[in-house]
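A.B. asks: I am sharing model08.pdb, which consists of PDB, C-alpha atoms, pLDDT in the B column:
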```
ATOM      1  CA  MET Q   1     196.293 115.686 108.362  1.00 43.00           C
ATOM      2  CA  ARG Q   2     194.811 115.028 104.943  1.00 43.00           C
ATOM      3  CA  ARG Q   3     191.637 113.534 106.511  1.00 45.00           C
ATOM      4  CA  ALA Q   4     191.216 116.564 108.730  1.00 43.00           C
ATOM      5  CA  LEU Q   5     191.507 118.908 105.723  1.00 39.00           C
ATOM      6  CA  LEU Q   6     188.889 116.890 103.824  1.00 42.00           C
ATOM      7  CA  ARG Q   7     186.458 117.042 106.765  1.00 46.00           C
ATOM      8  CA  ALA Q   8     186.957 120.792 107.082  1.00 42.00           C
ATOM      9  CA  ALA Q   9     186.356 121.316 103.377  1.00 43.00           C
ATOM     10  CA  ALA Q  10     183.135 119.308 103.523  1.00 44.00           C
ATOM     11  CA  PHE Q  11     181.967 121.323 106.516  1.00 41.00           C
ATOM     12  CA  CYS Q  12     182.644 124.635 104.769  1.00 42.00           C
ATOM     13  CA  PHE Q  13     180.812 123.487 101.653  1.00 41.00           C
ATOM     14  CA  ALA Q  14     177.740 122.523 103.672  1.00 41.00           C
ATOM     15  CA  LEU Q  15     177.889 125.813 105.596  1.00 42.00           C
ATOM     16  CA  GLY Q  16     178.036 127.749 102.346  1.00 45.00           C
ATOM     17  CA  LEU Q  17     174.925 126.003 101.060  1.00 40.00           C
ATOM     18  CA  ALA Q  18     173.033 126.818 104.234  1.00 41.00           C
ATOM     19  CA  GLN Q  19     174.024 130.515 104.145  1.00 43.00           C
ATOM     20  CA  SER Q  20     173.164 130.853 100.462  1.00 43.00           C
ATOM     21  CA  GLY Q  21     169.624 129.647 101.211  1.00 45.00           C
ATOM     22  CA  ALA Q  22     169.856 126.913  98.620  1.00 44.00           C
ATOM     23  CA  ALA Q  23     166.808 124.720  98.769  1.00 42.00           C
ATOM     24  CA  PRO Q  24     167.356 121.075  99.525  1.00 43.00           C
ATOM     25  CA  ALA Q  25     166.720 118.595  96.780  1.00 41.00           C
ATOM     26  CA  PRO Q  26     163.058 117.713  96.593  1.00 40.00           C
ATOM     27  CA  ALA Q  27     162.084 114.407  98.141  1.00 37.00           C
ATOM     28  CA  LEU Q  28     161.155 111.666  95.756  1.00 34.00           C
ATOM     29  CA  ARG Q  29     157.440 110.908  95.620  1.00 37.00           C
ATOM     30  CA  VAL Q  30     156.590 107.267  95.229  1.00 34.00           C
ATOM     31  CA  PRO Q  31     153.198 106.873  93.566  1.00 37.00           C
ATOM     32  CA  LEU Q  32     150.697 105.028  95.736  1.00 39.00           C
ATOM     33  CA  ALA Q  33     149.577 101.657  94.485  1.00 40.00           C
ATOM     34  CA  PRO Q  34     145.894 101.516  93.533  1.00 40.00           C
ATOM     35  CA  PRO Q  35     143.697 100.028  96.263  1.00 40.00           C
ATOM     36  CA  ALA Q  36     143.359  96.296  96.023  1.00 42.00           C
ATOM     37  CA  ALA Q  37     140.070  95.073  94.655  1.00 39.00           C
ATOM     38  CA  PRO Q  38     137.836  93.422  97.258  1.00 41.00           C
ATOM     39  CA  PRO Q  39     138.177  89.645  97.252  1.00 51.00           C
ATOM     40  CA  MET Q  40     135.638  87.741  95.228  1.00 51.00           C
ATOM     41  CA  GLN Q  41     132.944  86.273  97.449  1.00 69.00           C
ATOM     42  CA  SER Q  42     132.849  82.511  97.073  1.00 92.00           C
ATOM     43  CA  THR Q  43     129.496  81.017  96.166  1.00 96.00           C
ATOM     44  CA  VAL Q  44     128.269  78.000  98.103  1.00 97.00           C
ATOM     45  CA  ASP Q  45     125.093  76.003  97.784  1.00 97.00           C
ATOM     46  CA  LEU Q  46     124.028  76.774 101.337  1.00 97.00           C
ATOM     47  CA  ASN Q  47     124.753  79.129 104.216  1.00 98.00           C
ATOM     48  CA  LEU Q  48     123.703  77.081 107.252  1.00 98.00           C
ATOM     49  CA  VAL Q  49     123.555  78.200 110.886  1.00 98.00           C
ATOM     50  CA  LEU Q  50     123.259  75.389 113.423  1.00 98.00           C
ATOM     51  CA  ALA Q  51     121.681  76.773 116.615  1.00 98.00           C
ATOM     52  CA  ILE Q  52     121.819  74.390 119.593  1.00 96.00           C
ATOM     53  CA  ASP Q  53     120.023  74.782 122.898  1.00 95.00           C
ATOM     54  CA  ALA Q  54     122.091  75.651 125.988  1.00 96.00           C
ATOM     55  CA  SER Q  55     119.197  76.697 128.234  1.00 93.00           C
ATOM     56  CA  GLY Q  56     118.752  75.627 131.855  1.00 91.00           C
ATOM     57  CA  SER Q  57     116.884  72.442 130.927  1.00 90.00           C
ATOM     58  CA  VAL Q  58     119.923  71.229 128.978  1.00 92.00           C
ATOM     59  CA  ASP Q  59     122.534  69.706 131.277  1.00 92.00           C
ATOM     60  CA  ASP Q  60     126.118  69.166 130.161  1.00 93.00           C
ATOM     61  CA  ASP Q  61     125.478  65.592 129.021  1.00 92.00           C
ATOM     62  CA  ARG Q  62     122.585  66.700 126.823  1.00 91.00           C
ATOM     63  CA  PHE Q  63     124.624  69.573 125.459  1.00 93.00           C
ATOM     64  CA  ASP Q  64     127.426  67.190 124.545  1.00 93.00           C
ATOM     65  CA  LEU Q  65     124.959  64.829 122.870  1.00 90.00           C
ATOM     66  CA  GLN Q  66     123.884  67.673 120.588  1.00 91.00           C
ATOM     67  CA  LYS Q  67     127.496  68.419 119.684  1.00 94.00           C
ATOM     68  CA  LYS Q  68     128.318  64.754 119.165  1.00 94.00           C
ATOM     69  CA  GLY Q  69     125.350  64.310 116.845  1.00 93.00           C
ATOM     70  CA  TYR Q  70     126.429  67.141 114.575  1.00 95.00           C
ATOM     71  CA  ALA Q  71     130.111  66.196 114.625  1.00 96.00           C
ATOM     72  CA  GLN Q  72     129.373  62.603 113.618  1.00 95.00           C
ATOM     73  CA  ALA Q  73     126.918  63.677 110.946  1.00 95.00           C
ATOM     74  CA  PHE Q  74     129.392  65.918 109.137  1.00 96.00           C
ATOM     75  CA  VAL Q  75     131.887  63.121 108.568  1.00 95.00           C
ATOM     76  CA  SER Q  76     129.243  60.639 107.453  1.00 95.00           C
ATOM     77  CA  GLN Q  77     129.210  59.525 103.843  1.00 96.00           C
ATOM     78  CA  ARG Q  78     125.544  60.448 103.514  1.00 95.00           C
ATOM     79  CA  VAL Q  79     126.199  64.103 104.333  1.00 96.00           C
ATOM     80  CA  LEU Q  80     129.326  64.253 102.168  1.00 96.00           C
ATOM     81  CA  ASP Q  81     127.408  62.794  99.216  1.00 96.00           C
ATOM     82  CA  ALA Q  82     124.655  65.388  99.690  1.00 96.00           C
ATOM     83  CA  ILE Q  83     127.249  68.180  99.580  1.00 96.00           C
ATOM     84  CA  ARG Q  84     128.908  66.781  96.446  1.00 95.00           C
ATOM     85  CA  ASN Q  85     125.552  66.604  94.671  1.00 95.00           C
ATOM     86  CA  GLY Q  86     125.137  70.385  94.844  1.00 95.00           C
ATOM     87  CA  ASN Q  87     125.924  72.687  91.936  1.00 94.00           C
ATOM     88  CA  ASN Q  88     128.854  74.268  93.805  1.00 95.00           C
ATOM     89  CA  GLN Q  89     129.708  71.132  95.797  1.00 96.00           C
ATOM     90  CA  ALA Q  90     130.289  73.226  98.917  1.00 97.00           C
ATOM     91  CA  ILE Q  91     128.328  74.611 101.851  1.00 97.00           C
ATOM     92  CA  ALA Q  92     129.254  77.141 104.542  1.00 98.00           C
ATOM     93  CA  VAL Q  93     128.472  76.280 108.161  1.00 98.00           C
ATOM     94  CA  SER Q  94     128.470  78.154 111.452  1.00 98.00           C
ATOM     95  CA  MET Q  95     127.300  76.898 114.858  1.00 98.00           C
ATOM     96  CA  ILE Q  96     125.976  78.851 117.842  1.00 98.00           C
ATOM     97  CA  GLN Q  97     124.752  78.011 121.323  1.00 98.00           C
ATOM     98  CA  TRP Q  98     121.822  80.004 122.690  1.00 97.00           C
ATOM     99  CA  THR Q  99     119.632  80.574 125.725  1.00 96.00           C
ATOM    100  CA  GLY Q 100     118.068  83.954 126.613  1.00 95.00           C
ATOM    101  CA  PRO Q 101     117.153  86.873 124.332  1.00 95.00           C
ATOM    102  CA  THR Q 102     120.700  88.261 124.277  1.00 95.00           C
ATOM    103  CA  LEU Q 103     122.645  85.152 125.245  1.00 96.00           C
ATOM    104  CA  GLN Q 104     124.173  83.613 122.128  1.00 97.00           C
ATOM    105  CA  VAL Q 105     127.755  82.521 121.482  1.00 97.00           C
ATOM    106  CA  VAL Q 106     129.365  81.506 118.196  1.00 98.00           C
ATOM    107  CA  MET Q 107     130.919  78.082 118.664  1.00 97.00           C
ATOM    108  CA  VAL Q 108     132.180  77.531 115.117  1.00 98.00           C
ATOM    109  CA  PRO Q 109     132.784  80.506 112.790  1.00 98.00           C
ATOM    110  CA  TRP Q 110     131.852  80.343 109.123  1.00 98.00           C
ATOM    111  CA  THR Q 111     133.659  77.391 107.563  1.00 97.00           C
ATOM    112  CA  VAL Q 112     133.326  75.863 104.105  1.00 97.00           C
ATOM    113  CA  VAL Q 113     132.692  72.132 103.887  1.00 98.00           C
ATOM    114  CA  LYS Q 114     133.401  70.615 100.479  1.00 97.00           C
ATOM    115  CA  ASP Q 115     135.214  67.333 101.086  1.00 97.00           C
ATOM    116  CA  ARG Q 116     136.152  64.920 103.822  1.00 97.00           C
ATOM    117  CA  ALA Q 117     139.139  66.960 104.991  1.00 97.00           C
ATOM    118  CA  SER Q 118     137.074  70.118 105.505  1.00 97.00           C
ATOM    119  CA  ALA Q 119     134.243  68.091 107.063  1.00 97.00           C
ATOM    120  CA  GLU Q 120     136.698  66.662 109.590  1.00 98.00           C
ATOM    121  CA  ILE Q 121     137.851  70.198 110.417  1.00 97.00           C
ATOM    122  CA  VAL Q 122     134.277  71.264 111.176  1.00 97.00           C
ATOM    123  CA  ALA Q 123     133.614  68.090 113.170  1.00 97.00           C
ATOM    124  CA  ALA Q 124     136.749  68.687 115.252  1.00 97.00           C
ATOM    125  CA  ALA Q 125     135.776  72.319 115.852  1.00 98.00           C
ATOM    126  CA  ILE Q 126     132.304  71.282 117.028  1.00 97.00           C
ATOM    127  CA  THR Q 127     133.749  68.648 119.352  1.00 97.00           C
ATOM    128  CA  ALA Q 128     136.291  71.060 120.840  1.00 97.00           C
ATOM    129  CA  ALA Q 129     133.889  73.993 121.326  1.00 97.00           C
ATOM    130  CA  PRO Q 130     133.162  74.454 125.036  1.00 96.00           C
ATOM    131  CA  ARG Q 131     129.847  75.353 126.570  1.00 96.00           C
ATOM    132  CA  ARG Q 132     129.949  79.052 127.456  1.00 96.00           C
ATOM    133  CA  ILE Q 133     126.426  79.872 128.601  1.00 94.00           C
ATOM    134  CA  PHE Q 134     124.172  78.193 131.145  1.00 88.00           C
ATOM    135  CA  GLY Q 135     120.539  78.949 131.863  1.00 83.00           C
ATOM    136  CA  GLY Q 136     118.946  82.272 131.014  1.00 85.00           C
ATOM    137  CA  GLY Q 137     115.598  81.024 129.788  1.00 92.00           C
ATOM    138  CA  THR Q 138     114.557  79.771 126.380  1.00 95.00           C
ATOM    139  CA  SER Q 139     114.438  82.460 123.718  1.00 97.00           C
ATOM    140  CA  LEU Q 140     113.875  80.887 120.332  1.00 98.00           C
ATOM    141  CA  SER Q 141     113.239  84.389 119.004  1.00 98.00           C
ATOM    142  CA  GLY Q 142     116.641  85.564 120.235  1.00 98.00           C
ATOM    143  CA  ALA Q 143     118.304  82.547 118.615  1.00 98.00           C
ATOM    144  CA  ILE Q 144     116.583  83.261 115.293  1.00 98.00           C
ATOM    145  CA  ASP Q 145     117.469  86.974 115.397  1.00 98.00           C
ATOM    146  CA  PHE Q 146     121.123  86.254 116.144  1.00 98.00           C
ATOM    147  CA  SER Q 147     121.314  83.533 113.482  1.00 98.00           C
ATOM    148  CA  ALA Q 148     119.772  85.825 110.865  1.00 98.00           C
ATOM    149  CA  GLN Q 149     122.391  88.489 111.619  1.00 98.00           C
ATOM    150  CA  LEU Q 150     125.098  85.842 111.346  1.00 98.00           C
ATOM    151  CA  ILE Q 151     123.840  84.811 107.918  1.00 98.00           C
ATOM    152  CA  SER Q 152     123.745  88.425 106.714  1.00 97.00           C
ATOM    153  CA  SER Q 153     127.425  88.813 107.679  1.00 96.00           C
ATOM    154  CA  SER Q 154     128.590  85.547 106.111  1.00 97.00           C
ATOM    155  CA  PRO Q 155     131.688  85.943 103.919  1.00 97.00           C
ATOM    156  CA  TYR Q 156     130.163  83.446 101.484  1.00 97.00           C
ATOM    157  CA  ARG Q 157     127.368  83.932  98.989  1.00 96.00           C
ATOM    158  CA  GLY Q 158     124.835  81.226  99.723  1.00 96.00           C
ATOM    159  CA  VAL Q 159     122.388  80.143  97.044  1.00 96.00           C
ATOM    160  CA  ARG Q 160     120.151  79.140  99.953  1.00 97.00           C
ATOM    161  CA  LYS Q 161     120.083  80.384 103.545  1.00 97.00           C
ATOM    162  CA  VAL Q 162     118.921  78.156 106.394  1.00 98.00           C
ATOM    163  CA  ILE Q 163     118.710  78.352 110.185  1.00 98.00           C
ATOM    164  CA  ASP Q 164     118.659  74.905 111.768  1.00 97.00           C
ATOM    165  CA  ILE Q 165     117.417  75.271 115.360  1.00 97.00           C
ATOM    166  CA  SER Q 166     117.217  72.520 117.965  1.00 95.00           C
ATOM    167  CA  GLY Q 167     115.670  72.866 121.409  1.00 94.00           C
ATOM    168  CA  ASP Q 168     113.650  71.178 124.127  1.00 93.00           C
ATOM    169  CA  GLY Q 169     111.285  74.002 125.069  1.00 95.00           C
ATOM    170  CA  SER Q 170     108.958  76.675 123.747  1.00 97.00           C
ATOM    171  CA  ASN Q 171     109.789  80.377 123.668  1.00 97.00           C
ATOM    172  CA  ASN Q 172     109.479  81.866 127.183  1.00 95.00           C
ATOM    173  CA  LEU Q 173     111.642  85.012 126.984  1.00 95.00           C
ATOM    174  CA  GLY Q 174     112.155  87.819 124.506  1.00 96.00           C
ATOM    175  CA  ARG Q 175     109.833  88.929 121.767  1.00 97.00           C
ATOM    176  CA  PRO Q 176     107.314  86.534 120.188  1.00 98.00           C
ATOM    177  CA  VAL Q 177     109.067  83.887 118.165  1.00 98.00           C
ATOM    178  CA  GLU Q 178     106.596  84.391 115.317  1.00 98.00           C
ATOM    179  CA  GLN Q 179     107.904  87.949 114.825  1.00 98.00           C
ATOM    180  CA  ALA Q 180     111.509  86.774 114.643  1.00 98.00           C
ATOM    181  CA  ARG Q 181     110.552  83.982 112.254  1.00 98.00           C
ATOM    182  CA  ASN Q 182     108.601  86.281 109.935  1.00 98.00           C
ATOM    183  CA  GLU Q 183     111.423  88.817 109.745  1.00 98.00           C
ATOM    184  CA  ALA Q 184     113.902  86.063 108.914  1.00 98.00           C
ATOM    185  CA  LEU Q 185     111.607  84.779 106.168  1.00 98.00           C
ATOM    186  CA  GLN Q 186     111.506  88.278 104.664  1.00 98.00           C
ATOM    187  CA  GLN Q 187     115.290  88.035 104.307  1.00 97.00           C
ATOM    188  CA  GLY Q 188     114.952  84.852 102.279  1.00 97.00           C
ATOM    189  CA  ILE Q 189     115.991  82.607 105.174  1.00 98.00           C
ATOM    190  CA  ARG Q 190     114.357  79.235 105.736  1.00 98.00           C
ATOM    191  CA  ILE Q 191     114.036  77.911 109.288  1.00 98.00           C
ATOM    192  CA  ASN Q 192     114.007  74.191 110.059  1.00 97.00           C
ATOM    193  CA  GLY Q 193     113.613  72.674 113.489  1.00 96.00           C
ATOM    194  CA  LEU Q 194     114.595  69.711 115.601  1.00 95.00           C
ATOM    195  CA  PRO Q 195     112.309  69.748 118.652  1.00 95.00           C
ATOM    196  CA  ILE Q 196     113.329  67.422 121.467  1.00 93.00           C
ATOM    197  CA  LEU Q 197     110.152  66.101 123.099  1.00 94.00           C
ATOM    198  CA  GLU Q 198     111.649  64.880 126.359  1.00 91.00           C
ATOM    199  CA  LEU Q 199     110.157  67.715 128.451  1.00 91.00           C
ATOM    200  CA  GLU Q 200     107.351  69.138 126.304  1.00 94.00           C
ATOM    201  CA  HIS Q 201     105.614  66.294 124.500  1.00 93.00           C
ATOM    202  CA  ASP Q 202     103.738  68.571 122.084  1.00 95.00           C
ATOM    203  CA  LEU Q 203     106.774  70.673 121.198  1.00 97.00           C
ATOM    204  CA  ASP Q 204     106.698  69.338 117.650  1.00 96.00           C
ATOM    205  CA  GLN Q 205     103.343  70.988 117.038  1.00 97.00           C
ATOM    206  CA  TYR Q 206     104.603  74.218 118.601  1.00 98.00           C
ATOM    207  CA  PHE Q 207     107.619  74.254 116.260  1.00 98.00           C
ATOM    208  CA  ARG Q 208     105.392  73.633 113.252  1.00 97.00           C
ATOM    209  CA  GLU Q 209     103.058  76.496 114.077  1.00 97.00           C
ATOM    210  CA  ASN Q 210     105.455  79.084 115.471  1.00 97.00           C
ATOM    211  CA  VAL Q 211     109.115  78.405 114.664  1.00 98.00           C
ATOM    212  CA  ILE Q 212     109.775  76.944 111.239  1.00 98.00           C
ATOM    213  CA  GLY Q 213     109.015  78.655 107.954  1.00 97.00           C
ATOM    214  CA  GLY Q 214     109.961  79.180 104.337  1.00 96.00           C
ATOM    215  CA  PRO Q 215     109.602  77.012 101.217  1.00 93.00           C
ATOM    216  CA  GLY Q 216     110.223  73.382 102.099  1.00 92.00           C
ATOM    217  CA  ALA Q 217     110.698  74.068 105.813  1.00 96.00           C
ATOM    218  CA  PHE Q 218     110.361  70.995 108.009  1.00 96.00           C
ATOM    219  CA  ILE Q 219     110.915  69.579 111.471  1.00 96.00           C
ATOM    220  CA  ILE Q 220     112.281  66.249 112.636  1.00 95.00           C
ATOM    221  CA  PRO Q 221     111.157  65.637 116.213  1.00 95.00           C
ATOM    222  CA  VAL Q 222     113.036  63.300 118.541  1.00 92.00           C
ATOM    223  CA  GLN Q 223     111.725  61.711 121.702  1.00 89.00           C
ATOM    224  CA  ASN Q 224     114.892  62.244 123.747  1.00 86.00           C
ATOM    225  CA  TYR Q 225     118.501  63.284 123.486  1.00 85.00           C
ATOM    226  CA  ASN Q 226     119.733  59.741 122.960  1.00 83.00           C
ATOM    227  CA  ALA Q 227     117.942  59.673 119.595  1.00 84.00           C
ATOM    228  CA  PHE Q 228     119.528  62.942 118.523  1.00 85.00           C
ATOM    229  CA  GLY Q 229     122.312  61.548 116.322  1.00 86.00           C
ATOM    230  CA  GLU Q 230     120.201  59.811 113.680  1.00 87.00           C
ATOM    231  CA  ALA Q 231     117.755  62.720 113.567  1.00 91.00           C
ATOM    232  CA  ILE Q 232     120.616  65.135 112.909  1.00 92.00           C
ATOM    233  CA  MET Q 233     121.855  62.940 110.087  1.00 92.00           C
ATOM    234  CA  ARG Q 234     118.465  62.902 108.388  1.00 92.00           C
ATOM    235  CA  LYS Q 235     117.979  66.611 108.862  1.00 92.00           C
ATOM    236  CA  LEU Q 236     121.374  67.642 107.483  1.00 94.00           C
ATOM    237  CA  VAL Q 237     121.004  65.443 104.414  1.00 94.00           C
ATOM    238  CA  THR Q 238     117.582  66.961 103.729  1.00 93.00           C
ATOM    239  CA  GLU Q 239     118.807  70.528 104.262  1.00 93.00           C
ATOM    240  CA  ILE Q 240     121.867  70.139 102.088  1.00 93.00           C
ATOM    241  CA  SER Q 241     120.237  68.208  99.248  1.00 90.00           C
ATOM    242  CA  GLN Q 242     119.386  70.488  96.364  1.00 57.00           C
ATOM    243  CA  ASP Q 243     116.145  70.442  94.360  1.00 53.00           C
ATOM    244  CA  GLN Q 244     114.662  67.752  96.560  1.00 44.00           C
ATOM    245  CA  GLN Q 245     111.568  67.750  98.712  1.00 42.00           C
ATOM    246  CA  PRO Q 246     112.034  67.146 102.451  1.00 40.00           C
ATOM    247  CA  THR Q 247     112.085  63.485 103.378  1.00 39.00           C
ATOM    248  CA  PRO Q 248     111.023  63.336 107.057  1.00 42.00           C
ATOM    249  CA  ASP Q 249     107.714  61.891 108.200  1.00 37.00           C
ATOM    250  CA  PRO Q 250     104.988  63.780 106.269  1.00 38.00           C
ATOM    251  CA  GLN Q 251     102.915  64.316 109.424  1.00 37.00           C
ATOM    252  CA  PHE Q 252     105.630  66.689 110.647  1.00 35.00           C
ATOM    253  CA  ALA Q 253     106.298  68.530 107.396  1.00 38.00           C
ATOM    254  CA  ALA Q 254     105.434  72.213 107.128  1.00 37.00           C
ATOM    255  CA  GLN Q 255     102.122  72.956 105.430  1.00 33.00           C
TER     256      GLN Q 255
END
```
Will you turn the file into structure tokens for me?
C.D. replies:
Amino acid sequence: MRRALLRAAAFCFALGLAQSGAAPAPALRVPLAPPAAPPMQSTVDLNLVLAIDASGSVDDDRFDLQKKGYAQAFVSQRVLDAIRNGNNQAIAVSMIQWTGPTLQVVMVPWTVVKDRASAEIVAAAITAAPRRIFGGGTSLSGAIDFSAQLISSSPYRGVRKVIDISGDGSNNLGRPVEQARNEALQQGIRINGLPILELEHDLDQYFRENVIGGPGAFIIPVQNYNAFGEAIMRKLVTEISQDQQPTPDPQFAAQ
């Protein structure tokens, strides 16, 4: 009985408030926290895009040889020493595969390499990345355009910006490669090349005249895919090394 009387009294009290038009208690306002400051952008010695050929002339074995060459190079002591000799002792790397003017796929997203553990992570990512495009022509200009956009969107502030492009053929689709190269140079990007001479024996000269550019730009030509690994090692060490002149054969260096 007593509980029933208490419930009735509470009901009457609430009803009286409603009829009297009493305003409900104002809701508490919790002040909004100030927006978080944007994260500081890490500075690295180099933003490097590795662009590897996946055009129709590159079969799966050749594609895998390119990947294997880069993966082995990153865990080599020579490359690690070059990274540690930089002012920031770190570089940021991304890898793409490319064919036609609009056929490019990111294989490895931007990743910082600063020690053996991070180098092994990049090497494992390169090894595990599958081939996603086949054929579609050879558009060096499309590869350069895509790589330049990738560099501009990098989450890391690179003291230097480099596109490292390997391929076994000259530009046969898309806009002229010279246009793409010149626009990349205007953005402060250097382009180095690794022409594979197995199919086009004068591809080294073509790369020198039409593809590479920027202060200290260079090429390291290889006769075939089986020689790719050592060439990659030399090229990465040269690209990463700071305040040094390129070390490949002078006859292939950019003028």
A.B. asks: Could the residues of range 169-197 of chain Q that have an atom at most 9 Å from range 230-237 of chain Q be listed as a Markdown table, each with its closest atom pair and the distance in Å to one decimal, counting only C-alpha atoms and ordered by chain and ascending residue number?
C.D. replies:
```
| residue | atom | partner | partner_atom | distance |
| --- | --- | --- | --- | --- |
| Q:Asn192 | CA | Q:Lys235 | CA | 8.6 |
| Q:Gly193 | CA | Q:Lys235 | CA | 8.8 |
| Q:Leu194 | CA | Q:Ala231 | CA | 7.9 |
```
A.B. asks: Given the choices Q:Glu120, Q:Glu209, Q:Asp168, Q:Asp60, which gets closest to Val222 in chain Q if the distance is worked out from all atoms listed in the file?
C.D. replies: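 Distance minimum relative to Val222 in chain Q lands on Q:Asp168.
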A.B. asks: Give me, please, the distance in Å between CA of Glu178 in chain Q and CA of Gln223 in chain Q, quoted to one decimal.
C.D. replies: 24.1 Å
A.B. asks: Taking the file as shown, find all residues satisfying the PyMOL selection byres ((chain Q and resi 116) around 9) and write them as a list in words.
C.D. replies: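 That selection, the PyMOL selection byres ((chain Q and resi 116) around 9), comes back as Phe74, Val75, Ser76, Gln77, Leu80, Val113, Lys114, Asp115, Ala117, Ser118, Ala119, Glu120 and Ile121 of chain Q.
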A.B. asks: Which residues, named as in the file, does the PyMOL selection byres ((chain Q and resi 106) around 10) pick out? Answer as a PyMOL selection string.
C.D. replies: chain Q and resi 49-51+94-98+104-105+107-110+129+132+146-147+150
A.B. asks: Which residue, Q:Lys68, Q:Arg175, Q:Arg181, Q:Arg160, has the smallest gap to Gly100 in chain Q when you use all atoms listed in the file?
C.D. replies: Q:Arg175
A.B. asks: Any idea what the distance is between CA of Ile219 in chain Q and CA of Pro195 in chain Q?
C.D. replies: 7.3 Å
